[in-house]
$ cat model_10.cif   # mmCIF, C-alpha atoms
data_work
#
loop_
_atom_site.label_atom_id
_atom_site.label_comp_id
_atom_site.auth_asym_id
_atom_site.auth_seq_id
_atom_site.Cartn_x
_atom_site.Cartn_y
_atom_site.Cartn_z
CA MET A 790 0.46 13.87 -67.83
CA THR A 791 2.84 16.52 -66.50
CA GLY A 792 4.78 16.01 -63.26
CA ARG A 793 2.86 18.86 -61.57
CA ARG A 794 -0.54 17.30 -62.43
CA LEU A 795 0.59 13.84 -61.26
CA THR A 796 1.81 15.27 -57.95
CA SER A 797 -1.49 17.08 -57.39
CA LEU A 798 -3.49 13.95 -58.23
CA LEU A 799 -1.49 11.80 -55.81
CA ALA A 800 -1.87 14.40 -53.06
CA TYR A 801 -5.65 14.46 -53.60
CA ILE A 802 -5.93 10.66 -53.52
CA THR A 803 -3.79 10.39 -50.38
CA THR A 804 -5.74 13.09 -48.55
CA SER A 805 -9.10 11.58 -49.55
CA ALA A 806 -8.04 8.09 -48.44
CA ALA A 807 -6.82 9.37 -45.08
CA GLY A 808 -10.04 11.25 -44.53
CA ALA A 809 -12.13 8.22 -45.42
CA SER A 810 -10.00 6.11 -43.06
CA LEU A 811 -10.65 8.45 -40.14
CA LEU A 812 -14.36 8.70 -40.91
CA THR A 813 -14.77 4.91 -40.95
CA GLY A 814 -12.99 4.48 -37.61
CA CYS A 815 -9.97 2.69 -39.08
CA GLY A 816 -7.44 5.45 -38.50
CA VAL A 817 -4.21 5.31 -36.60
CA LEU A 818 -4.76 8.18 -34.22
CA PRO A 819 -2.51 7.63 -31.17
CA GLY A 820 -4.46 5.93 -28.38
CA ALA A 821 -7.65 5.47 -30.43
CA THR A 822 -9.67 2.27 -30.13
CA GLY A 823 -10.05 0.22 -33.27
CA GLY A 824 -6.78 -1.48 -34.11
CA SER A 825 -4.24 1.28 -33.50
CA ARG A 826 -2.90 -0.45 -30.39
CA GLU A 827 -1.20 -3.83 -30.30
CA PRO A 828 -3.24 -6.86 -29.19
CA VAL A 829 -2.52 -8.20 -25.70
CA THR A 830 -2.00 -11.95 -25.40
CA VAL A 831 -2.47 -13.71 -22.05
CA MET A 832 -2.96 -17.31 -20.96
CA THR A 833 -5.30 -19.05 -18.52
CA TRP A 834 -4.75 -22.68 -17.59
CA ALA A 835 -6.55 -25.22 -15.42
CA PRO A 836 -6.90 -29.00 -15.18
CA ASP A 837 -9.79 -30.62 -17.03
CA GLN A 838 -11.03 -34.21 -17.32
CA THR A 839 -8.61 -35.54 -14.71
CA ARG A 840 -9.20 -37.90 -11.79
CA ALA A 841 -8.55 -35.15 -9.22
CA THR A 842 -9.74 -31.53 -9.07
CA ASN A 843 -10.94 -30.04 -12.38
CA MET A 844 -11.52 -26.35 -13.07
CA PRO A 845 -12.88 -26.03 -16.64
CA GLY A 846 -14.83 -22.91 -15.69
CA MET A 847 -11.68 -20.83 -15.28
CA PRO A 848 -10.50 -20.87 -18.93
CA ALA A 849 -14.15 -20.59 -20.01
CA MET A 850 -14.61 -17.46 -17.87
CA ALA A 851 -11.42 -16.01 -19.32
CA GLN A 852 -12.77 -16.48 -22.84
CA ALA A 853 -16.09 -14.89 -21.89
CA PHE A 854 -14.24 -11.92 -20.38
CA ALA A 855 -12.28 -11.50 -23.63
CA ARG A 856 -15.46 -11.60 -25.71
CA TRP A 857 -16.97 -8.94 -23.47
CA VAL A 858 -14.08 -6.46 -23.51
CA ASN A 859 -13.41 -6.99 -27.21
CA SER A 860 -17.06 -6.26 -27.99
CA GLN A 861 -16.44 -2.86 -26.40
CA GLY A 862 -13.25 -2.10 -28.32
CA GLY A 863 -10.81 -4.07 -26.17
CA ILE A 864 -8.97 -2.99 -23.04
CA ASP A 865 -7.97 0.63 -23.59
CA GLY A 866 -7.91 -0.06 -27.33
CA HIS A 867 -6.03 -3.37 -27.08
CA GLU A 868 -7.69 -6.51 -28.36
CA LEU A 869 -7.49 -9.16 -25.63
CA ARG A 870 -6.37 -12.54 -26.88
CA VAL A 871 -6.77 -15.41 -24.40
CA LEU A 872 -4.84 -18.64 -24.81
CA THR A 873 -6.10 -21.61 -22.76
CA CYS A 874 -4.23 -24.72 -21.68
CA ASN A 875 -5.15 -27.98 -19.91
CA GLU A 876 -2.73 -28.34 -17.03
CA HIS A 877 -3.78 -32.00 -16.45
CA ASN A 878 -3.05 -31.82 -12.69
CA SER A 879 0.55 -32.85 -13.43
CA THR A 880 3.98 -31.26 -13.21
CA ALA A 881 4.60 -32.05 -16.88
CA GLY A 882 1.29 -30.46 -17.86
CA ALA A 883 1.91 -27.32 -15.81
CA ALA A 884 5.41 -26.90 -17.22
CA ALA A 885 4.13 -27.42 -20.76
CA CYS A 886 1.47 -24.74 -20.32
CA ALA A 887 4.06 -22.31 -18.95
CA ARG A 888 6.46 -22.97 -21.82
CA ARG A 889 3.65 -22.38 -24.30
CA ALA A 890 2.87 -19.05 -22.64
CA VAL A 891 6.52 -18.07 -23.11
CA ARG A 892 6.61 -19.33 -26.68
CA GLU A 893 3.47 -17.41 -27.68
CA ASN A 894 4.66 -14.17 -26.04
CA ALA A 895 1.95 -13.96 -23.39
CA VAL A 896 2.32 -10.83 -21.26
CA ALA A 897 0.70 -12.51 -18.24
CA VAL A 898 -0.85 -15.73 -17.00
CA VAL A 899 -4.19 -14.77 -15.46
CA GLY A 900 -6.79 -16.49 -13.28
CA SER A 901 -5.33 -19.99 -13.47
CA TYR A 902 -5.33 -23.15 -11.33
CA SER A 903 -2.41 -25.47 -10.67
CA GLN A 904 -1.03 -27.29 -7.66
CA ASN A 905 2.32 -27.58 -9.43
CA GLY A 906 3.80 -24.19 -8.66
CA ARG A 907 7.43 -25.22 -8.93
CA ALA A 908 6.83 -26.59 -12.41
CA PHE A 909 5.16 -23.51 -13.87
CA MET A 910 6.77 -20.62 -11.98
CA ALA A 911 10.35 -21.33 -13.13
CA PRO A 912 9.60 -20.88 -16.87
CA LEU A 913 7.48 -17.79 -16.15
CA GLU A 914 10.16 -16.21 -13.96
CA ALA A 915 12.85 -16.88 -16.57
CA ALA A 916 10.73 -15.04 -19.15
CA GLY A 917 9.60 -12.30 -16.74
CA ILE A 918 5.90 -13.16 -17.15
CA PRO A 919 3.67 -12.17 -14.19
CA TYR A 920 1.21 -14.68 -12.70
CA ILE A 921 -1.91 -12.68 -11.79
CA GLY A 922 -4.70 -14.06 -9.64
CA GLY A 923 -3.87 -17.73 -9.47
CA TYR A 924 -6.37 -19.86 -7.56
CA GLY A 925 -4.11 -19.88 -4.50
CA ILE A 926 -3.55 -23.63 -4.23
CA SER A 927 0.27 -23.76 -4.46
CA GLU A 928 2.80 -22.18 -2.10
CA ASP A 929 4.84 -20.83 -5.03
CA GLU A 930 2.00 -18.41 -5.78
CA PHE A 931 2.78 -16.77 -2.45
CA THR A 932 6.57 -16.76 -2.71
CA SER A 933 7.46 -15.83 -6.30
CA PRO A 934 8.16 -12.11 -6.87
CA LEU A 935 6.25 -12.42 -10.16
CA SER A 936 3.07 -13.75 -8.53
CA TYR A 937 0.23 -11.37 -7.70
CA PRO A 938 -2.44 -13.33 -5.76
CA VAL A 939 -5.94 -11.86 -5.39
CA ASN A 940 -6.91 -14.03 -2.40
CA GLY A 941 -5.16 -15.49 0.62
CA GLY A 942 -5.06 -18.98 -0.84
CA GLN A 943 -5.57 -22.17 1.10
CA ALA A 944 -3.60 -20.67 4.00
CA SER A 945 -6.21 -17.99 4.71
CA LEU A 946 -9.13 -20.36 4.12
CA ILE A 947 -7.87 -23.04 6.49
CA ALA A 948 -6.76 -20.60 9.20
CA GLY A 949 -10.11 -18.83 8.93
CA HIS A 950 -11.94 -22.15 9.03
CA GLY A 951 -10.30 -22.90 12.35
CA ILE A 952 -11.72 -19.63 13.71
CA GLN A 953 -15.15 -20.47 12.28
CA LEU A 954 -15.17 -23.89 13.95
CA ALA A 955 -13.56 -22.92 17.25
CA GLY A 956 -16.72 -21.73 18.96
CA SER A 957 -18.91 -24.67 17.90
CA CYS A 958 -16.69 -27.76 17.83
CA ARG A 959 -15.23 -29.50 20.83
CA THR A 960 -13.11 -31.87 18.69
CA VAL A 961 -12.23 -31.52 15.00
CA SER A 962 -11.13 -34.20 12.55
CA LEU A 963 -9.36 -32.87 9.45
CA VAL A 964 -9.30 -35.04 6.33
CA ARG A 965 -6.84 -33.58 3.83
CA PRO A 966 -4.69 -34.63 0.85
CA ASP A 967 -1.60 -36.70 1.55
CA THR A 968 0.54 -34.26 -0.45
CA LEU A 969 3.18 -31.63 0.26
CA ALA A 970 0.53 -28.90 0.05
CA GLY A 971 -1.76 -30.93 2.31
CA ASP A 972 0.93 -31.31 4.95
CA ARG A 973 0.64 -27.61 5.85
CA LEU A 974 -3.12 -27.67 6.43
CA PRO A 975 -3.20 -29.07 10.01
CA GLU A 976 -0.88 -26.32 11.29
CA LEU A 977 -3.01 -23.62 9.65
CA LEU A 978 -6.30 -25.06 10.95
CA ASN A 979 -4.84 -25.33 14.44
CA SER A 980 -3.72 -21.69 14.34
CA GLY A 981 -7.38 -20.74 13.94
CA LEU A 982 -8.65 -23.21 16.53
CA ARG A 983 -6.19 -21.82 19.08
CA LYS A 984 -7.99 -18.46 18.89
CA ALA A 985 -10.51 -20.07 21.25
CA SER A 986 -7.95 -21.98 23.34
CA HIS A 987 -8.94 -25.04 21.38
CA ARG A 988 -6.89 -28.21 21.15
CA GLY A 989 -5.53 -29.20 17.75
CA ALA A 990 -7.42 -31.11 15.10
CA VAL A 991 -6.94 -34.83 14.46
CA ASP A 992 -4.96 -35.09 11.22
CA ILE A 993 -6.19 -37.71 8.74
CA PRO A 994 -4.25 -37.76 5.43
CA ALA A 995 -6.01 -39.31 2.44
CA VAL A 996 -5.22 -40.11 -1.19
CA GLU A 997 -6.42 -37.17 -3.25
CA ASP A 998 -7.99 -39.15 -6.10
CA ALA A 999 -9.49 -42.15 -4.27
CA ALA A 1000 -12.78 -43.64 -5.43
CA GLU A 1001 -14.09 -43.95 -1.85
CA TYR A 1002 -13.04 -42.92 1.66
CA THR A 1003 -14.84 -45.31 4.01
CA ALA A 1004 -11.79 -45.95 6.23
CA GLN A 1005 -10.94 -42.24 6.56
CA ALA A 1006 -14.60 -41.32 7.14
CA SER A 1007 -14.96 -43.91 9.90
CA ARG A 1008 -11.79 -42.72 11.65
CA ALA A 1009 -12.80 -39.07 11.28
CA ARG A 1010 -16.18 -39.67 12.91
CA GLU A 1011 -14.67 -41.79 15.67
CA LYS A 1012 -12.04 -39.17 16.55
CA ALA A 1013 -14.51 -36.29 16.38
CA GLY A 1014 -16.79 -37.95 18.88
CA GLU A 1015 -20.51 -37.39 19.20
CA LYS A 1016 -20.42 -34.48 21.62
CA GLN A 1017 -19.91 -31.31 19.58
CA GLY A 1018 -17.63 -33.16 17.19
CA CYS A 1019 -16.84 -31.76 13.75
CA VAL A 1020 -15.49 -33.42 10.62
CA THR A 1021 -13.94 -31.14 8.03
CA ALA A 1022 -12.67 -32.37 4.67
CA VAL A 1023 -10.49 -30.39 2.26
CA LEU A 1024 -9.97 -32.69 -0.71
CA GLY A 1025 -10.85 -30.46 -3.63
CA GLU A 1026 -13.23 -32.17 -6.04
CA ARG A 1027 -13.01 -35.40 -4.06
CA THR A 1028 -14.56 -33.78 -0.99
CA GLN A 1029 -17.96 -34.78 -2.34
CA THR A 1030 -16.75 -38.39 -2.60
CA PHE A 1031 -15.51 -38.28 1.00
CA PHE A 1032 -18.81 -37.01 2.40
CA ASP A 1033 -20.69 -39.60 0.35
CA SER A 1034 -18.60 -42.25 2.13
CA PHE A 1035 -19.22 -40.44 5.43
CA ARG A 1036 -22.99 -40.39 4.84
CA ARG A 1037 -22.99 -44.14 4.18
CA LEU A 1038 -21.41 -45.02 7.53
CA PRO A 1039 -23.73 -46.99 9.83
CA GLY A 1040 -25.80 -44.52 11.84
CA GLN A 1041 -25.41 -41.64 9.37
CA GLU A 1042 -28.18 -42.39 6.90
CA ASP A 1043 -30.84 -42.31 9.60
CA GLY A 1044 -30.05 -38.71 10.47
CA GLU A 1045 -27.81 -39.42 13.46
CA GLY A 1046 -25.20 -37.03 12.19
CA GLY A 1047 -23.70 -35.31 9.21
CA ARG A 1048 -25.42 -31.98 9.56
CA GLY A 1049 -23.96 -28.76 10.78
CA GLY A 1050 -25.67 -25.55 11.66
CA GLY A 1051 -25.25 -22.23 13.31
CA ASP A 1052 -26.43 -18.72 12.74
CA ALA A 1053 -23.15 -17.07 13.73
CA ALA A 1054 -19.75 -18.17 14.82
CA GLY A 1055 -20.40 -20.29 17.86
CA GLY A 1056 -24.18 -20.27 17.36
CA ASP A 1057 -26.41 -23.29 16.91
CA SER A 1058 -29.40 -23.76 14.68
CA GLY A 1059 -30.94 -26.27 17.05
CA GLU A 1060 -30.74 -29.06 14.48
CA GLU A 1061 -29.49 -32.37 15.81
CA LYS A 1062 -27.67 -31.01 18.80
CA GLY A 1063 -24.79 -33.25 19.72
CA ALA A 1064 -24.54 -34.74 16.22
CA VAL A 1065 -21.29 -34.68 14.27
CA ARG A 1066 -21.14 -31.50 12.21
CA ILE A 1067 -19.50 -31.34 8.80
CA SER A 1068 -17.58 -28.48 7.26
CA SER A 1069 -15.17 -27.51 4.51
CA VAL A 1070 -13.78 -24.56 2.59
CA LEU A 1071 -14.81 -22.96 -0.68
CA GLY A 1072 -13.29 -24.80 -3.60
CA SER A 1073 -13.79 -28.14 -1.89
CA VAL A 1074 -17.47 -27.40 -1.27
CA GLY A 1075 -19.38 -24.75 -3.19
CA GLN A 1076 -22.84 -24.03 -4.54
CA PRO A 1077 -22.38 -26.22 -7.67
CA VAL A 1078 -21.53 -29.22 -5.47
CA ILE A 1079 -24.50 -28.54 -3.19
CA ASP A 1080 -26.82 -28.31 -6.21
CA ARG A 1081 -25.50 -31.58 -7.68
CA THR A 1082 -25.97 -33.45 -4.41
CA GLY A 1083 -29.59 -32.53 -3.76
CA GLY A 1084 -29.82 -28.85 -2.85
CA ALA A 1085 -31.83 -28.53 0.37
CA HIS A 1086 -31.63 -32.33 0.73
CA SER A 1087 -27.88 -32.38 0.16
CA PRO A 1088 -25.65 -34.01 2.79
CA PHE A 1089 -24.05 -30.55 3.07
CA GLU A 1090 -27.19 -28.96 4.48
CA GLY A 1091 -26.14 -27.02 7.60
CA ALA A 1092 -22.41 -27.33 6.90
CA PHE A 1093 -19.96 -24.57 7.77
CA VAL A 1094 -17.94 -23.25 4.80
CA THR A 1095 -15.16 -20.65 4.78
CA GLY A 1096 -14.73 -18.65 1.57
CA TRP A 1097 -12.60 -15.86 0.13
CA TYR A 1098 -15.38 -13.78 -1.36
CA PRO A 1099 -18.95 -12.70 -0.60
CA GLU A 1100 -21.72 -15.26 -1.06
CA ALA A 1101 -22.69 -15.93 -4.68
CA GLY A 1102 -25.94 -13.99 -4.35
CA ASP A 1103 -24.22 -10.78 -3.23
CA LYS A 1104 -24.90 -7.76 -5.43
CA SER A 1105 -21.16 -7.22 -5.92
CA TRP A 1106 -21.21 -10.12 -8.40
CA ALA A 1107 -23.78 -8.41 -10.67
CA PRO A 1108 -21.21 -7.20 -13.29
CA MET A 1109 -19.77 -10.71 -13.60
CA ARG A 1110 -23.22 -12.24 -13.91
CA LYS A 1111 -24.08 -9.78 -16.66
CA VAL A 1112 -20.96 -10.73 -18.63
CA ILE A 1113 -21.72 -14.45 -18.21
CA GLN A 1114 -25.32 -13.93 -19.30
CA ASP A 1115 -24.32 -11.96 -22.41
CA HIS A 1116 -21.15 -13.80 -23.43
CA ALA A 1117 -21.21 -17.31 -21.90
CA PHE A 1118 -24.91 -18.05 -21.45
CA ALA A 1119 -24.77 -21.37 -23.33
CA ASP A 1120 -21.49 -22.52 -21.75
CA ASN A 1121 -22.37 -24.74 -18.80
CA ARG A 1122 -18.75 -24.69 -17.62
CA VAL A 1123 -19.18 -21.11 -16.41
CA ASP A 1124 -21.02 -21.20 -13.09
CA PRO A 1125 -21.08 -17.79 -11.34
CA ALA A 1126 -21.16 -19.56 -7.97
CA ASP A 1127 -17.94 -21.47 -8.67
CA ALA A 1128 -14.89 -20.21 -6.75
CA GLY A 1129 -12.63 -20.77 -9.75
CA VAL A 1130 -14.86 -18.72 -12.04
CA GLN A 1131 -15.05 -15.97 -9.40
CA THR A 1132 -11.26 -15.90 -8.97
CA THR A 1133 -10.76 -15.66 -12.74
CA TRP A 1134 -13.19 -12.73 -12.94
CA ILE A 1135 -11.28 -10.87 -10.20
CA ALA A 1136 -7.91 -11.68 -11.82
CA TYR A 1137 -9.02 -10.30 -15.19
CA THR A 1138 -10.44 -7.24 -13.44
CA ALA A 1139 -6.91 -6.64 -12.12
CA LEU A 1140 -5.41 -7.14 -15.58
CA LYS A 1141 -7.89 -4.68 -17.10
CA ASP A 1142 -7.13 -2.05 -14.46
CA VAL A 1143 -3.37 -2.23 -14.92
CA ILE A 1144 -3.52 -2.10 -18.74
CA GLU A 1145 -5.80 0.94 -18.58
CA ALA A 1146 -3.42 2.58 -16.10
CA LEU A 1147 -0.45 2.00 -18.43
CA ASP A 1148 -2.31 3.79 -21.26
CA ASP A 1149 0.21 2.87 -23.96
CA ASP A 1150 0.17 1.42 -27.46
CA THR A 1151 2.42 -1.47 -26.45
CA ILE A 1152 1.92 -3.64 -23.37
CA SER A 1153 4.69 -5.96 -22.22
CA ALA A 1154 5.10 -8.47 -19.40
CA SER A 1155 7.78 -6.34 -17.75
CA ARG A 1156 5.63 -3.20 -17.84
CA ILE A 1157 2.68 -5.01 -16.22
CA ALA A 1158 4.90 -6.43 -13.47
CA HIS A 1159 6.53 -3.04 -12.89
CA ALA A 1160 3.15 -1.30 -12.61
CA LEU A 1161 1.97 -3.85 -10.04
CA ASP A 1162 5.24 -3.66 -8.08
CA ARG A 1163 5.12 0.12 -7.87
CA GLY A 1164 1.69 0.00 -6.24
CA GLU A 1165 -1.11 0.05 -8.82
CA ARG A 1166 -4.34 -0.16 -6.81
CA ILE A 1167 -7.00 -2.61 -7.99
CA ASP A 1168 -10.64 -1.95 -7.09
CA THR A 1169 -12.68 -5.15 -7.36
CA GLY A 1170 -16.04 -3.57 -6.58
CA GLY A 1171 -16.31 -4.95 -3.05
CA LEU A 1172 -15.41 -8.55 -3.91
CA THR A 1173 -12.09 -8.13 -2.09
CA PRO A 1174 -10.35 -5.32 -0.25
CA THR A 1175 -8.51 -2.93 -2.58
CA LEU A 1176 -5.56 -4.95 -3.90
CA ARG A 1177 -2.00 -3.63 -4.03
CA TRP A 1178 1.31 -5.49 -4.12
CA LYS A 1179 3.86 -2.99 -2.85
CA TYR A 1180 6.33 -4.35 -0.32
CA GLU A 1181 4.52 -2.76 2.62
CA ASP A 1182 1.23 -4.42 1.56
CA LEU A 1183 2.63 -7.97 1.76
CA LEU A 1184 1.65 -10.01 4.82
CA GLY A 1185 5.10 -11.57 5.06
CA ALA A 1186 3.91 -14.81 6.66
CA PRO A 1187 6.43 -17.69 6.62
CA GLY A 1188 5.74 -19.69 3.48
CA TYR A 1189 3.21 -17.12 2.22
CA PRO A 1190 4.98 -13.74 2.04
CA ARG A 1191 3.03 -12.54 -1.05
CA ILE A 1192 -0.42 -12.58 0.59
CA VAL A 1193 -2.00 -9.13 0.36
CA ASN A 1194 -5.65 -10.14 0.81
CA HIS A 1195 -6.00 -11.97 4.13
CA GLU A 1196 -9.74 -11.58 4.57
CA VAL A 1197 -12.26 -14.43 4.40
CA THR A 1198 -16.00 -14.89 4.73
CA PHE A 1199 -17.92 -17.28 6.97
CA GLN A 1200 -20.80 -19.05 5.25
CA VAL A 1201 -23.27 -21.81 6.03
CA VAL A 1202 -25.54 -24.00 3.91
CA ARG A 1203 -29.21 -23.20 4.57
CA LYS A 1204 -32.07 -24.61 2.50
CA GLY A 1205 -29.60 -25.70 -0.14
CA ARG A 1206 -27.95 -22.30 -0.53
CA LEU A 1207 -24.59 -21.00 0.67
CA VAL A 1208 -25.40 -17.85 2.63
CA ALA A 1209 -23.45 -15.56 4.92
CA GLN A 1210 -23.09 -16.91 8.44
CA LYS A 1211 -21.94 -13.48 9.58
CA PRO A 1212 -21.83 -10.28 7.51
CA GLY A 1213 -18.68 -8.88 5.95
CA PHE A 1214 -15.10 -10.07 5.95
CA VAL A 1215 -12.98 -11.57 8.73
CA ASP A 1216 -9.29 -10.62 8.78
CA VAL A 1217 -7.16 -13.72 9.41
CA GLY A 1218 -3.76 -12.14 8.81
CA GLU A 1219 -2.57 -12.47 12.39
CA THR A 1220 -3.80 -16.06 12.49
CA VAL A 1221 -1.83 -17.01 9.38
CA LEU A 1222 1.24 -15.26 10.83
CA SER A 1223 0.94 -17.30 14.01
CA ALA A 1224 0.96 -20.67 12.22
CA PRO A 1225 4.18 -22.68 12.84
#
$ encode --input "model_10.cif" --output "structure tokens"
Amino acid sequence: MTGRRLTSLLAYITTSAAGASLLTGCGVLPGATGGSREPVTVMTWAPDQTRATNMPGMPAMAQAFARWVNSQGGIDGHELRVLTCNEHNSTAGAAACARRAVRENAVAVVGSYSQNGRAFMAPLEAAGIPYIGGYGISEDEFTSPLSYPVNGGQASLIAGHGIQLAGSCRTVSLVRPDTLAGDRLPELLNSGLRKASHRGAVDIPAVEDAAEYTAQASRAREKAGEKQGCVTAVLGERTQTFFDSFRRLPGQEDGEGGRGGGDAAGGDSGEEKGAVRISSVLGSVGQPVIDRTGGAHSPFEGAFVTGWYPEAGDKSWAPMRKVIQDHAFADNRVDPADAGVQTTWIAYTALKDVIEALDDDTISASRIAHALDRGERIDTGGLTPTLRWKYEDLLGAPGYPRIVNHEVTFQVVRKGRLVAQKPGFVDVGETVLSAP
């Protein structure tokens, strides 16, 4: 075969192969979906199978989100790869998860839960990896320049809870973890109670992973008193254990107390007037806990609950519910009413928005952080205010300077369902700022 014929044959084969490649969707056109853009690797961690708070639904929601976006061609053409890690509710576990994220070149840690902020933030900061939409349980999430929280954390919940209780409770007993994070809760609750010229709550520290809380429950009821007294417990997964001990106190099982009520802040449902009311915040009490403990016959019936987001039945959650139905229907870890699952959905919504805004073949940790720092706006479809992390958007509260979403919702348990006590969001920014 002559050189000219060989050259012509090779040109024909090359052209035909390229054309077939484009026709089958496997081409390398710049920006096209279908493998032309690099995969994006992220990590989601949470504790599982521990004696304290467990959040298995958060990594499970992250995996469902990845299945959903990848079924549609990825995020702006990038396949989303989600690594998961069991944080074990320990400093060693949190640090190990963070080091793995660095080792596996994750561009972000998204929608995760850990109380051990100091253990995980240092490795992430050293590698320049942003922490997007953590659960909001550790102070480091609200101080690190590489943390981008989607809610106001425990600070906003507890300050808002004080406002919610102020109009209905004459005396408040607060049962909270005997930990460094728990030590801040009385000050925050009192900042909300003071909105109604209310005296401070009685502080009752408790071991976070105790098997029963009879002594703390007895003291909490005694200090609350029987005239418009309220007992609030913020013990994470052990809150259910505390209120079980509370229910078993003499005089509780016969209906003498233990129920809250109220149709609005300061209102009263008429149930058991004068009885001790109970209350908590989302994450310590939520719809899954209410369902497990008897629904309408749950000890939480009538309880006040402060949350970050709209009630689980709100139409704003419809997109998340659709993804769960289509991509996690058989996974019982993914409960759409769980605050951890909801936070993970919002965090991945933020990740998706910023990757689409970057519109590039390569996504890096530094580029994501830079986009968020320069003011990328995140629309969560009404689940939160529009999120943005520019300097002027930060609340700047002592201990929590990175808060950008300082709105909460007031809810109440009625007929076994968490429903809105009052419509819309309540801004607690000034209340958090006023905490000592």
$ resolve_selection --input "model_10.cif" --expression "the PyMOL selection byres ((chain A and resi 835) around 8)" --output "number ranges by chain"
A: 833-834, 836-837, 843-845, 847-848, 874-878, 901-903
$ atom_distance --input "model_10.cif" --atom1 "CA of His950 (chain A)" --atom2 "CA of Gln1131 (chain A)"
19.7 Å
$ closest_residue --input "model_10.cif" --among "A:Tyr1098, A:Trp1178, A:Tyr1189, A:Trp857" --to "Ala1139 (chain A)" --atoms "only C-alpha atoms"
A:Trp1178
$ residues_around --input "model_10.cif" --residues "Pro912 (chain A)" --least-positions-apart "4" --cutoff "9 Å" --atoms "all atoms listed in the file" --output "list in words"
Ala884, Ala887, Arg888, Val891, Ala908, Ala916, Gly917 and Ile918 of chain A
$ write_last_selection --input "model_10.cif" --atoms "C-alpha atoms" --output "mmCIF file, in the frame of the given file"
data_model
loop_
_atom_site.group_PDB
_atom_site.id
_atom_site.type_symbol
_atom_site.label_atom_id
_atom_site.label_comp_id
_atom_site.auth_asym_id
_atom_site.auth_seq_id
_atom_site.Cartn_x
_atom_site.Cartn_y
_atom_site.Cartn_z
ATOM 1 C CA ALA A 884 5.410 -26.900 -17.220
ATOM 2 C CA ALA A 887 4.060 -22.310 -18.950
ATOM 3 C CA ARG A 888 6.460 -22.970 -21.820
ATOM 4 C CA VAL A 891 6.520 -18.070 -23.110
ATOM 5 C CA ALA A 908 6.830 -26.590 -12.410
ATOM 6 C CA ALA A 916 10.730 -15.040 -19.150
ATOM 7 C CA GLY A 917 9.600 -12.300 -16.740
ATOM 8 C CA ILE A 918 5.900 -13.160 -17.150
#
$ resolve_selection --input "model_10.cif" --expression "the PyMOL selection byres ((chain A and resi 1008-1014) around 9)" --output "list in words"
Cys958, Arg959, Thr960, Val961, Ser962, Leu963, Val964, Ala990, Val991, Asp992, Ile993, Thr1003, Ala1004, Gln1005, Ala1006, Ser1007, Glu1015, Lys1016, Gln1017, Gly1018, Cys1019, Val1020, Thr1021, Phe1035, Ala1064 and Val1065 of chain A
$ resolve_selection --input "model_10.cif" --expression "the PyMOL selection byres ((chain A and resi 996) around 12)" --output "list in words"
Arg840, Ala841, Val964, Arg965, Pro966, Asp967, Thr968, Gly971, Ile993, Pro994, Ala995, Glu997, Asp998, Ala999, Ala1000, Glu1001, Tyr1002, Ala1004, Gln1005, Val1023, Leu1024, Gly1025, Arg1027, Thr1028, Thr1030 and Phe1031 of chain A
